[in-house]
>>> print(open('protein-v7.tsv').read())   # TSV, C-alpha atoms
chain	number	residue	atom	x	y	z
A	1	MET	CA	72.06	197.54	-76.38
A	2	ALA	CA	75.19	196.59	-74.46
A	3	VAL	CA	73.12	196.32	-71.26
A	4	TRP	CA	70.64	193.93	-72.86
A	5	THR	CA	73.48	191.88	-74.29
A	6	LEU	CA	75.07	191.64	-70.85
A	7	LEU	CA	71.78	190.63	-69.26
A	8	ARG	CA	71.22	187.97	-71.92
A	9	GLN	CA	74.71	186.57	-71.35
A	10	GLU	CA	74.15	186.40	-67.59
A	11	ALA	CA	70.75	184.73	-67.99
A	12	THR	CA	72.15	182.16	-70.41
A	13	ALA	CA	75.02	181.33	-68.06
A	14	LEU	CA	72.70	180.93	-65.08
A	15	TRP	CA	70.16	178.80	-66.94
A	16	GLY	CA	72.47	176.68	-69.12
A	17	GLY	CA	73.64	173.14	-68.43
A	18	GLY	CA	70.45	172.13	-66.67
A	19	LYS	CA	71.18	174.49	-63.77
A	20	GLY	CA	68.13	176.71	-64.17
A	21	ILE	CA	65.52	174.39	-62.63
A	22	SER	CA	67.46	173.88	-59.41
A	23	LEU	CA	68.20	177.62	-59.21
A	24	ILE	CA	64.48	178.38	-59.48
A	25	ALA	CA	63.63	175.81	-56.79
A	26	VAL	CA	66.25	177.15	-54.36
A	27	ALA	CA	65.41	180.79	-55.07
A	28	THR	CA	61.63	180.37	-54.85
A	29	THR	CA	61.84	178.55	-51.54
A	30	TRP	CA	64.15	181.26	-50.22
A	31	GLY	CA	61.56	183.85	-51.26
A	32	LEU	CA	58.88	182.06	-49.25
A	33	LEU	CA	61.13	181.69	-46.20
A	34	VAL	CA	62.24	185.30	-45.94
A	35	GLY	CA	58.84	186.58	-47.06
A	36	ALA	CA	57.21	184.71	-44.18
A	37	ARG	CA	59.75	186.18	-41.79
A	38	MET	CA	58.87	189.70	-42.93
A	39	ILE	CA	55.20	189.13	-42.18
A	40	TYR	CA	56.02	189.38	-38.46
A	41	PRO	CA	56.62	193.17	-38.49
A	42	VAL	CA	53.27	193.90	-40.19
A	43	ILE	CA	51.28	191.75	-37.74
A	44	LEU	CA	53.06	193.02	-34.60
A	45	PRO	CA	50.11	195.31	-33.74
A	46	TYR	CA	47.80	192.25	-33.72
A	47	LEU	CA	50.23	190.33	-31.51
A	48	GLN	CA	50.52	193.30	-29.16
A	49	SER	CA	46.73	193.38	-28.84
A	50	ASP	CA	46.12	189.63	-28.49
A	51	TYR	CA	48.98	188.90	-26.10
A	52	GLY	CA	49.25	192.29	-24.34
A	53	LEU	CA	52.81	193.03	-25.51
A	54	SER	CA	54.64	196.36	-25.28
A	55	LEU	CA	56.82	197.62	-28.13
A	56	THR	CA	59.88	196.37	-26.24
A	57	VAL	CA	58.47	192.86	-25.81
A	58	ALA	CA	57.18	192.81	-29.39
A	59	GLY	CA	60.67	193.81	-30.53
A	60	SER	CA	62.15	191.00	-28.45
A	61	LEU	CA	59.82	188.56	-30.26
A	62	VAL	CA	61.40	189.60	-33.57
A	63	SER	CA	64.82	189.37	-31.90
A	64	VAL	CA	64.07	185.77	-30.85
A	65	LEU	CA	63.26	184.88	-34.47
A	66	TRP	CA	66.53	186.42	-35.67
A	67	LEU	CA	68.56	185.11	-32.72
A	68	PHE	CA	67.62	181.46	-33.20
A	69	GLY	CA	67.88	181.91	-36.95
A	70	SER	CA	71.47	182.96	-36.29
A	71	ILE	CA	72.45	180.39	-33.68
A	72	GLY	CA	71.56	177.52	-35.97
A	73	GLN	CA	73.71	178.73	-38.86
A	74	LEU	CA	76.97	177.41	-37.38
A	75	PRO	CA	75.72	173.82	-37.05
A	76	GLY	CA	73.93	174.34	-40.37
A	77	GLY	CA	77.23	175.32	-41.99
A	78	ILE	CA	79.04	172.33	-40.48
A	79	LEU	CA	76.31	170.02	-41.77
A	80	ALA	CA	76.59	171.63	-45.22
A	81	ASP	CA	80.28	170.66	-45.28
A	82	ARG	CA	79.46	167.03	-44.47
A	83	TYR	CA	76.17	166.20	-46.16
A	84	ASN	CA	74.39	167.14	-49.36
A	85	GLU	CA	72.76	170.54	-49.34
A	86	ARG	CA	69.50	169.23	-50.80
A	87	THR	CA	68.61	167.51	-47.54
A	88	LEU	CA	69.26	170.63	-45.48
A	89	LEU	CA	67.34	172.88	-47.86
A	90	GLY	CA	64.31	170.58	-47.94
A	91	LEU	CA	64.23	169.98	-44.19
A	92	SER	CA	64.47	173.71	-43.54
A	93	ALA	CA	61.38	174.46	-45.63
A	94	LEU	CA	59.39	171.63	-44.05
A	95	GLY	CA	60.52	172.61	-40.54
A	96	VAL	CA	59.46	176.23	-40.95
A	97	ALA	CA	56.05	175.10	-42.21
A	98	VAL	CA	55.56	173.06	-39.02
A	99	ALA	CA	56.77	175.92	-36.82
A	100	LEU	CA	54.35	178.35	-38.46
A	101	GLY	CA	51.52	175.96	-37.67
A	102	ILE	CA	52.49	176.10	-33.98
A	103	VAL	CA	52.84	179.91	-34.01
A	104	VAL	CA	49.34	180.52	-35.37
A	105	THR	CA	47.76	178.06	-32.91
A	106	SER	CA	49.69	179.24	-29.82
A	107	SER	CA	47.48	179.84	-26.79
A	108	SER	CA	49.92	181.94	-24.74
A	109	ALA	CA	52.85	184.30	-25.13
A	110	ILE	CA	55.22	181.62	-23.84
A	111	ILE	CA	54.18	179.17	-26.55
A	112	LEU	CA	54.37	181.99	-29.10
A	113	PHE	CA	57.98	182.74	-28.14
A	114	ALA	CA	58.93	179.02	-28.11
A	115	ALA	CA	57.36	178.44	-31.54
A	116	THR	CA	59.14	181.53	-32.85
A	117	ALA	CA	62.46	180.09	-31.64
A	118	LEU	CA	61.69	176.81	-33.43
A	119	TRP	CA	60.85	178.79	-36.56
A	120	GLY	CA	64.23	180.50	-36.39
A	121	LEU	CA	66.13	177.22	-35.91
A	122	ALA	CA	64.42	175.59	-38.87
A	123	HIS	CA	65.10	178.66	-41.02
A	124	SER	CA	68.78	178.62	-40.03
A	125	LEU	CA	69.45	175.41	-41.97
A	126	TYR	CA	68.78	177.14	-45.29
A	127	PRO	CA	71.03	180.22	-45.75
A	128	ILE	CA	74.48	178.60	-45.75
A	129	ALA	CA	73.42	175.44	-47.57
A	130	ARG	CA	72.00	177.75	-50.24
A	131	ILE	CA	75.34	179.58	-50.59
A	132	THR	CA	77.51	176.44	-50.67
A	133	PHE	CA	75.18	174.84	-53.20
A	134	LEU	CA	75.31	177.88	-55.49
A	135	SER	CA	79.09	178.19	-55.12
A	136	LYS	CA	79.47	174.69	-56.59
A	137	ARG	CA	76.90	175.15	-59.34
A	138	TYR	CA	78.18	178.60	-60.36
A	139	GLU	CA	81.88	178.75	-59.60
A	140	GLU	CA	82.50	181.67	-61.96
A	141	ARG	CA	79.22	183.50	-61.32
A	142	LEU	CA	78.52	183.12	-57.63
A	143	GLY	CA	77.77	186.82	-57.24
A	144	SER	CA	75.19	186.77	-60.03
A	145	ALA	CA	73.56	183.51	-58.89
A	146	LEU	CA	73.41	184.64	-55.28
A	147	GLY	CA	72.12	188.05	-56.35
A	148	VAL	CA	69.28	186.45	-58.33
A	149	THR	CA	68.42	184.18	-55.40
A	150	MET	CA	68.40	187.05	-52.94
A	151	ALA	CA	66.33	189.13	-55.36
A	152	THR	CA	63.76	186.34	-55.41
A	153	GLY	CA	63.79	186.60	-51.64
A	154	ASP	CA	62.91	190.26	-52.00
A	155	ILE	CA	60.00	189.34	-54.26
A	156	GLY	CA	58.70	187.23	-51.39
A	157	GLN	CA	59.27	190.08	-48.96
A	158	THR	CA	57.52	192.46	-51.34
A	159	VAL	CA	54.47	190.32	-52.05
A	160	LEU	CA	53.79	188.35	-48.87
A	161	PRO	CA	53.53	191.14	-46.23
A	162	PRO	CA	50.82	193.11	-48.11
A	163	ILE	CA	48.89	189.88	-48.71
A	164	ALA	CA	49.23	189.03	-45.04
A	165	THR	CA	48.00	192.51	-44.09
A	166	VAL	CA	44.85	192.15	-46.18
A	167	ILE	CA	44.13	188.65	-44.86
A	168	ALA	CA	44.84	189.67	-41.26
A	169	ALA	CA	42.49	192.65	-41.54
A	170	GLY	CA	39.75	190.67	-43.28
A	171	VAL	CA	40.02	187.34	-41.44
A	172	ALA	CA	42.59	187.06	-38.64
A	173	TRP	CA	46.32	187.50	-38.14
A	174	GLN	CA	46.65	183.72	-37.84
A	175	ALA	CA	45.40	183.35	-41.41
A	176	GLY	CA	47.64	186.18	-42.56
A	177	LEU	CA	50.71	184.28	-41.39
A	178	GLY	CA	49.51	180.70	-41.69
A	179	PHE	CA	48.76	180.75	-45.42
A	180	VAL	CA	52.51	180.47	-46.10
A	181	ALA	CA	52.81	177.06	-44.36
A	182	PRO	CA	51.26	174.90	-47.14
A	183	LEU	CA	53.32	176.77	-49.74
A	184	LEU	CA	56.49	175.85	-47.83
A	185	LEU	CA	55.39	172.21	-47.62
A	186	VAL	CA	55.12	172.11	-51.41
A	187	ALA	CA	58.44	173.96	-51.78
A	188	GLY	CA	60.20	171.46	-49.53
A	189	ILE	CA	58.98	168.57	-51.66
A	190	VAL	CA	60.08	170.36	-54.85
A	191	ILE	CA	63.56	170.85	-53.37
A	192	PHE	CA	63.95	167.09	-52.89
A	193	ILE	CA	62.85	166.51	-56.50
A	194	ALA	CA	64.62	169.32	-58.39
A	195	VAL	CA	67.88	169.94	-56.53
A	196	PRO	CA	70.80	167.56	-57.20
A	197	PRO	CA	72.77	166.24	-54.19
A	198	LEU	CA	76.08	167.96	-54.91
A	199	ARG	CA	77.49	167.48	-51.42
A	200	THR	CA	77.78	163.86	-50.25
A	201	SER	CA	79.08	162.24	-47.14
A	202	THR	CA	81.80	159.58	-47.32
A	203	GLY	CA	80.91	156.71	-49.60
A	204	GLU	CA	77.62	158.12	-50.83
A	205	THR	CA	76.79	158.43	-54.51
A	206	SER	CA	77.28	161.88	-56.04
A	207	GLU	CA	75.22	163.56	-58.74
A	208	THR	CA	77.38	162.00	-61.43
A	209	GLY	CA	76.76	158.50	-60.13
A	210	GLU	CA	80.32	158.02	-58.90
A	211	THR	CA	81.22	157.07	-55.35
A	212	ASP	CA	83.17	159.75	-53.52
A	213	GLU	CA	85.91	158.20	-51.38
A	214	THR	CA	87.83	161.44	-50.83
A	215	ASP	CA	85.22	163.36	-48.86
A	216	ASP	CA	86.44	162.20	-45.46
A	217	PRO	CA	84.94	163.57	-42.26
A	218	ILE	CA	86.47	166.92	-41.41
A	219	SER	CA	88.81	166.74	-38.42
A	220	LEU	CA	88.90	169.09	-35.44
A	221	ARG	CA	92.23	170.42	-36.74
A	222	ASP	CA	90.59	171.27	-40.07
A	223	THR	CA	87.75	173.02	-38.28
A	224	LEU	CA	90.17	175.08	-36.21
A	225	GLY	CA	91.73	176.15	-39.50
A	226	VAL	CA	88.63	178.27	-40.03
A	227	PHE	CA	89.66	180.43	-37.07
A	228	ARG	CA	93.12	180.90	-38.57
A	229	THR	CA	91.40	182.32	-41.64
A	230	LEU	CA	89.23	184.55	-39.47
A	231	ARG	CA	92.31	186.07	-37.84
A	232	ARG	CA	93.26	187.74	-41.11
A	233	PRO	CA	92.65	191.51	-40.77
A	234	GLU	CA	90.40	191.71	-43.80
A	235	MET	CA	88.19	188.89	-42.50
A	236	ALA	CA	87.87	190.51	-39.07
A	237	MET	CA	86.98	193.81	-40.77
A	238	MET	CA	84.38	192.15	-43.00
A	239	SER	CA	82.84	190.40	-39.98
A	240	LEU	CA	82.49	193.77	-38.23
A	241	ILE	CA	80.95	195.29	-41.37
A	242	LEU	CA	78.47	192.43	-41.60
A	243	PHE	CA	77.50	192.73	-37.91
A	244	LEU	CA	76.83	196.47	-38.17
A	245	TYR	CA	74.84	196.01	-41.36
A	246	ILE	CA	72.69	193.26	-39.81
A	247	PHE	CA	72.07	195.43	-36.75
A	248	ILE	CA	70.85	198.27	-39.00
A	249	TRP	CA	68.79	196.05	-41.28
A	250	GLN	CA	67.02	194.17	-38.51
A	251	SER	CA	66.31	197.35	-36.52
A	252	PHE	CA	64.83	199.06	-39.58
A	253	THR	CA	62.71	196.19	-40.88
A	254	ALA	CA	61.34	195.22	-37.46
A	255	PHE	CA	59.66	198.58	-36.85
A	256	TYR	CA	59.30	200.44	-40.14
A	257	PRO	CA	55.60	199.53	-40.64
A	258	THR	CA	54.89	200.43	-36.99
A	259	TYR	CA	56.80	203.72	-37.39
A	260	LEU	CA	54.82	204.64	-40.50
A	261	THR	CA	51.47	204.02	-38.82
A	262	SER	CA	52.20	205.41	-35.34
A	263	VAL	CA	54.51	208.37	-36.11
A	264	LYS	CA	53.77	209.27	-39.73
A	265	GLU	CA	50.06	208.36	-39.32
A	266	ILE	CA	49.98	206.35	-42.54
A	267	ASP	CA	47.11	203.91	-43.09
A	268	PRO	CA	48.26	200.34	-42.22
A	269	ALA	CA	47.48	199.06	-45.72
A	270	ILE	CA	49.54	201.86	-47.29
A	271	ALA	CA	52.32	201.27	-44.75
A	272	SER	CA	52.50	197.58	-45.70
A	273	LEU	CA	52.70	198.52	-49.39
A	274	LEU	CA	55.50	200.96	-48.63
A	275	PHE	CA	57.25	198.24	-46.64
A	276	GLY	CA	56.84	195.91	-49.61
A	277	PHE	CA	58.22	198.59	-51.91
A	278	PHE	CA	61.39	198.60	-49.79
A	279	PHE	CA	61.99	194.98	-50.81
A	280	ALA	CA	60.75	195.49	-54.36
A	281	VAL	CA	63.68	197.80	-55.06
A	282	GLY	CA	65.93	195.03	-53.76
A	283	VAL	CA	64.74	192.81	-56.62
A	284	ILE	CA	66.70	195.12	-58.91
A	285	VAL	CA	69.52	196.10	-56.58
A	286	LYS	CA	70.62	192.64	-55.49
A	287	PRO	CA	71.38	191.14	-58.94
A	288	VAL	CA	73.10	194.40	-59.89
A	289	GLY	CA	75.16	194.30	-56.68
A	290	GLY	CA	76.11	190.66	-57.26
A	291	ALA	CA	77.12	191.31	-60.86
A	292	ALA	CA	79.10	194.38	-59.75
A	293	TYR	CA	80.99	192.23	-57.25
A	294	ASP	CA	81.90	189.77	-60.02
A	295	ARG	CA	83.26	192.60	-62.17
A	296	ILE	CA	84.67	195.41	-60.02
A	297	GLY	CA	85.23	193.74	-56.67
A	298	MET	CA	83.87	194.11	-53.16
A	299	ARG	CA	84.92	197.61	-52.08
A	300	GLY	CA	83.55	199.71	-54.93
A	301	SER	CA	80.31	197.76	-55.25
A	302	LEU	CA	79.62	197.79	-51.49
A	303	VAL	CA	80.20	201.52	-51.07
A	304	GLY	CA	77.91	202.16	-54.04
A	305	VAL	CA	74.90	200.44	-52.43
A	306	LEU	CA	75.47	201.80	-48.89
A	307	LEU	CA	75.78	205.54	-49.61
A	308	PRO	CA	72.08	206.27	-50.43
A	309	PRO	CA	70.74	204.77	-47.14
A	310	VAL	CA	72.78	207.29	-45.12
A	311	ALA	CA	70.84	210.11	-46.75
A	312	GLY	CA	67.59	208.17	-46.44
A	313	PHE	CA	67.90	207.60	-42.69
A	314	LEU	CA	68.83	211.25	-42.10
A	315	LEU	CA	65.86	212.55	-44.11
A	316	LEU	CA	63.24	210.09	-42.85
A	317	PRO	CA	62.34	211.96	-39.61
A	318	LEU	CA	62.04	215.25	-41.52
A	319	VAL	CA	59.27	214.41	-44.02
A	320	ASP	CA	55.61	213.38	-43.77
A	321	GLN	CA	54.39	213.49	-47.38
A	322	LEU	CA	53.71	210.09	-48.91
A	323	TRP	CA	55.62	210.82	-52.13
A	324	ALA	CA	58.67	211.84	-50.11
A	325	LEU	CA	58.45	208.67	-48.01
A	326	VAL	CA	58.42	206.64	-51.22
A	327	VAL	CA	61.62	208.33	-52.39
A	328	ILE	CA	63.31	207.89	-49.01
A	329	THR	CA	62.27	204.25	-48.84
A	330	ALA	CA	63.89	203.72	-52.24
A	331	LEU	CA	67.10	205.36	-51.02
A	332	ILE	CA	67.25	203.17	-47.93
A	333	SER	CA	66.45	200.01	-49.89
A	334	THR	CA	69.67	200.14	-51.93
A	335	MET	CA	71.40	198.66	-48.87
A	336	LEU	CA	69.74	195.37	-49.77
A	337	GLY	CA	72.34	194.96	-52.50
A	338	SER	CA	75.07	194.47	-49.91
A	339	GLY	CA	74.08	190.88	-49.11
A	340	ALA	CA	75.10	189.49	-52.50
A	341	ILE	CA	78.41	191.36	-52.21
A	342	THR	CA	79.47	190.54	-48.65
A	343	GLN	CA	78.36	186.91	-48.73
A	344	SER	CA	80.00	186.26	-52.08
A	345	TYR	CA	83.22	187.79	-50.72
A	346	LEU	CA	83.07	185.58	-47.62
A	347	ALA	CA	82.27	182.44	-49.62
A	348	ASP	CA	85.24	183.10	-51.89
A	349	SER	CA	87.48	183.52	-48.84
A	350	PHE	CA	87.18	179.90	-47.66
A	351	SER	CA	88.20	176.63	-49.28
A	352	ASP	CA	85.42	174.38	-50.60
A	353	ALA	CA	85.94	171.90	-47.77
A	354	MET	CA	85.49	174.52	-45.06
A	355	GLN	CA	83.15	176.95	-46.81
A	356	GLY	CA	80.01	176.00	-44.88
A	357	THR	CA	81.77	175.95	-41.51
A	358	GLY	CA	83.50	179.28	-42.16
A	359	LEU	CA	80.29	180.97	-43.25
A	360	GLY	CA	78.52	179.40	-40.28
A	361	VAL	CA	80.99	180.86	-37.79
A	362	ILE	CA	80.77	184.35	-39.26
A	363	ARG	CA	77.04	184.43	-39.87
A	364	THR	CA	76.18	182.94	-36.48
A	365	THR	CA	78.43	185.39	-34.65
A	366	THR	CA	77.40	188.51	-36.56
A	367	ALA	CA	73.71	187.69	-36.87
A	368	THR	CA	73.42	186.66	-33.21
A	369	LEU	CA	74.88	189.99	-32.11
A	370	GLY	CA	72.85	191.85	-34.73
A	371	ALA	CA	69.64	190.21	-33.51
A	372	GLY	CA	69.74	192.61	-30.57
A	373	GLY	CA	68.87	195.43	-32.96
A	374	PRO	CA	65.05	195.11	-32.78
A	375	LEU	CA	65.19	194.86	-28.97
A	376	VAL	CA	67.37	197.97	-28.65
A	377	PHE	CA	65.32	199.90	-31.21
A	378	GLY	CA	62.10	198.84	-29.45
A	379	ILE	CA	63.37	200.27	-26.17
A	380	VAL	CA	64.34	203.51	-27.91
A	381	ALA	CA	60.86	203.71	-29.48
A	382	ASP	CA	59.12	203.00	-26.17
A	383	TYR	CA	60.90	206.02	-24.70
A	384	GLY	CA	59.64	208.22	-27.54
A	385	TYR	CA	62.86	208.52	-29.55
A	386	PHE	CA	61.72	206.86	-32.77
A	387	ASN	CA	63.06	209.65	-35.01
A	388	GLU	CA	66.37	209.88	-33.18
A	389	GLY	CA	66.82	206.15	-33.66
A	390	TYR	CA	66.98	206.61	-37.44
A	391	ILE	CA	69.64	209.31	-37.05
A	392	VAL	CA	71.72	206.79	-35.12
A	393	LEU	CA	71.21	204.23	-37.90
A	394	ALA	CA	72.55	206.80	-40.40
A	395	VAL	CA	75.68	207.28	-38.28
A	396	ILE	CA	76.23	203.52	-38.03
A	397	MET	CA	75.80	203.15	-41.80
A	398	ALA	CA	78.37	205.89	-42.40
A	399	THR	CA	80.73	203.97	-40.13
A	400	VAL	CA	80.20	200.84	-42.25
A	401	ILE	CA	81.18	202.81	-45.36
A	402	LEU	CA	84.37	204.07	-43.72
A	403	LEU	CA	85.28	200.52	-42.69
A	404	THR	CA	84.63	199.31	-46.24
A	405	LEU	CA	87.01	201.93	-47.63
A	406	ARG	CA	89.73	200.48	-45.39
A	407	MET	CA	89.30	197.04	-46.94
A	408	PRO	CA	91.80	195.97	-49.60
A	409	GLN	CA	90.63	196.36	-53.17
A	410	THR	CA	89.62	193.14	-54.93
A	411	SER	CA	89.61	192.42	-58.65
>>> encode(input="protein-v7.tsv", output="structure tokens")
Amino acid sequence: MAVWTLLRQEATALWGGGKGISLIAVATTWGLLVGARMIYPVILPYLQSDYGLSLTVAGSLVSVLWLFGSIGQLPGGILADRYNERTLLGLSALGVAVALGIVVTSSSAIILFAATALWGLAHSLYPIARITFLSKRYEERLGSALGVTMATGDIGQTVLPPIATVIAAGVAWQAGLGFVAPLLLVAGIVIFIAVPPLRTSTGETSETGETDETDDPISLRDTLGVFRTLRRPEMAMMSLILFLYIFIWQSFTAFYPTYLTSVKEIDPAIASLLFGFFFAVGVIVKPVGGAAYDRIGMRGSLVGVLLPPVAGFLLLPLVDQLWALVVITALISTMLGSGAITQSYLADSFSDAMQGTGLGVIRTTTATLGAGGPLVFGIVADYGYFNEGYIVLAVIMATVILLTLRMPQTS
């Protein structure tokens, strides 16, 4: 009964005051964006066949998507500190829709890679603007709001890849990826209608109808203040934790469907469902992780979601039965809860004026370095060390846990 009461209180707080509609719009669009990005791993075999790509080159294609999705987050964060988030969120959705159209009509590998880079840049406008928007709408419940939004992202990652697999097998891979584009066009329009312009530039009218004369352009000295914050030991440690986590997550998600079909000899349709199940568990884990951050702090909640994946990665090479793979996938998927924890912690570490810029610096740096994960893992797989690669991921995850335990406790 206490659990249901707690859930009802959280839902009421998130929905009340007219906030629910904008939360749904932001969360749904995020689900489409990250769901589309997770279609790439399940159609890699088609891309390898059509464009003559090796596993290493196919992995570098995923790395390009993540790399440019990372590079753009610093300018995206700076823009989020200067202009209203609604514009950035809407333009991101519309930009990705256009980029997807170019990807599915590309006539060569070069165009495919260029369109993928454009896709990543357009996507990069969304993540930080989403966090800064939620931090202003839900000052006391950022962890819960961000957890719900990220869980909606996992719904997209659960539903869209299996749909894409069926469409790709029955029609063409272009249709399996391209069907998301019109949905993103609609989502972009809804963003402009449903999301209030909380962040305004100097002299523009805010959501309340008042003119904001205090939001002056941020100076270079103010921007450099972000780096003073980053020099704090706990911020440097959290940046390292985030980098290692991104490296693990991107390496795993880029090749898990391929690993299941080529090493475990699972049917592609079943492999895509198992891949979707990985994100389905995140629908539960992410809100729980965000709520745990709000109540018990970063360290305890982060260790709790990162311990099961260590066991999962170690056991994965040892089993072949489908039921065992389902259990191991569930163990690994608890790591998805870390996003709501680490990003809430980072957002709370910066002032409102520099929140977007600070998040942009950290996310661009860590995600850019972490984007090398699929490339490195692809090389390892090409040399026949797929199973050993997962053992290495387990060791890296254990390192992340040890680093987390060295972080100061938060209340």
>>> closest_residue(input="protein-v7.tsv", among="A:Pro233, A:Gly170, A:Pro308, A:Gly156", to="Thr329 of chain A", atoms="all atoms listed in the file")
A:Pro308
>>> closest_atom_pairs(input="protein-v7.tsv", of="segment 41-125 of chain A", to="segment 179-201 of chain A", cutoff="9 Å", atoms="all atoms listed in the file", output="Markdown table")
| residue | atom | partner | partner_atom | distance |
| --- | --- | --- | --- | --- |
| A:Ala80 | CA | A:Arg199 | CA | 7.5 |
| A:Asp81 | CA | A:Arg199 | CA | 7.5 |
| A:Arg82 | CA | A:Ser201 | CA | 5.5 |
| A:Tyr83 | CA | A:Thr200 | CA | 5.0 |
| A:Asn84 | CA | A:Arg199 | CA | 3.7 |
| A:Glu85 | CA | A:Arg199 | CA | 6.0 |
| A:Arg86 | CA | A:Pro197 | CA | 5.6 |
| A:Thr87 | CA | A:Phe192 | CA | 7.1 |
| A:Leu89 | CA | A:Ile191 | CA | 7.0 |
| A:Gly90 | CA | A:Gly188 | CA | 4.5 |
| A:Leu91 | CA | A:Gly188 | CA | 6.9 |
| A:Ser92 | CA | A:Gly188 | CA | 7.7 |
| A:Ala93 | CA | A:Gly188 | CA | 5.1 |
| A:Leu94 | CA | A:Leu185 | CA | 5.4 |
| A:Gly95 | CA | A:Leu185 | CA | 8.8 |
| A:Val96 | CA | A:Leu184 | CA | 7.5 |
| A:Ala97 | CA | A:Ala181 | CA | 4.4 |
| A:Val98 | CA | A:Ala181 | CA | 7.2 |
| A:Ala99 | CA | A:Ala181 | CA | 8.6 |
| A:Leu100 | CA | A:Ala181 | CA | 6.2 |
| A:Gly101 | CA | A:Ala181 | CA | 6.9 |
>>> residues_around(input="protein-v7.tsv", residues="Leu273 of chain A", least_positions_apart="4", cutoff="12 Å", atoms="all atoms listed in the file", output="MDAnalysis selection string")
chainID A and resid 42 157:166 256:257 260:261 266:269 277:280 322 325:326 329
>>> residues_around(input="protein-v7.tsv", residues="Thr334 of chain A", least_positions_apart="5", cutoff="7 Å", atoms="all atoms listed in the file", output="VMD selection string")
chain A and resid 282 285 305 to 306 308 to 309
>>> residues_around(input="protein-v7.tsv", residues="Val62 of chain A", least_positions_apart="2", cutoff="12 Å", atoms="only C-alpha atoms", output="PyMOL selection string")
chain A and resi 37-44+47+55-60+64-69+112-113+116-117+119-120+250-255+370-378
>>> atom_distance(input="protein-v7.tsv", atom1="atom CA of Ile78 of chain A", atom2="atom CA of Thr152 of chain A")
25.5 Å
>>> atom_distance(input="protein-v7.tsv", atom1="atom CA of Leu79 of chain A", atom2="atom CA of Leu125 of chain A")
8.7 Å
>>> closest_residue(input="protein-v7.tsv", among="A:Thr28, A:Thr105, A:Met238, A:Leu244", to="Thr342 of chain A", atoms="all atoms listed in the file")
A:Met238
>>> atom_distance(input="protein-v7.tsv", atom1="atom CA of Leu315 of chain A", atom2="atom CA of Gly289 of chain A")
24.0 Å
>>> closest_residue(input="protein-v7.tsv", among="A:Thr357, A:Arg130, A:Trp173, A:Thr258", to="Ile270 of chain A", atoms="all atoms listed in the file")
A:Thr258
>>> closest_residue(input="protein-v7.tsv", among="A:Gly147, A:Gly31, A:Gly72, A:Pro45", to="Gly337 of chain A", atoms="only C-alpha atoms")
A:Gly147
>>> closest_residue(input="protein-v7.tsv", among="A:Gly76, A:Pro287, A:Gly360, A:Gly153", to="Ser239 of chain A", atoms="only C-alpha atoms")
A:Gly360
>>> residues_around(input="protein-v7.tsv", residues="Val400 of chain A", least_positions_apart="2", cutoff="9 Å", atoms="only C-alpha atoms", output="PyMOL selection string")
chain A and resi 240-242+244-245+303+306+395-398+402-405
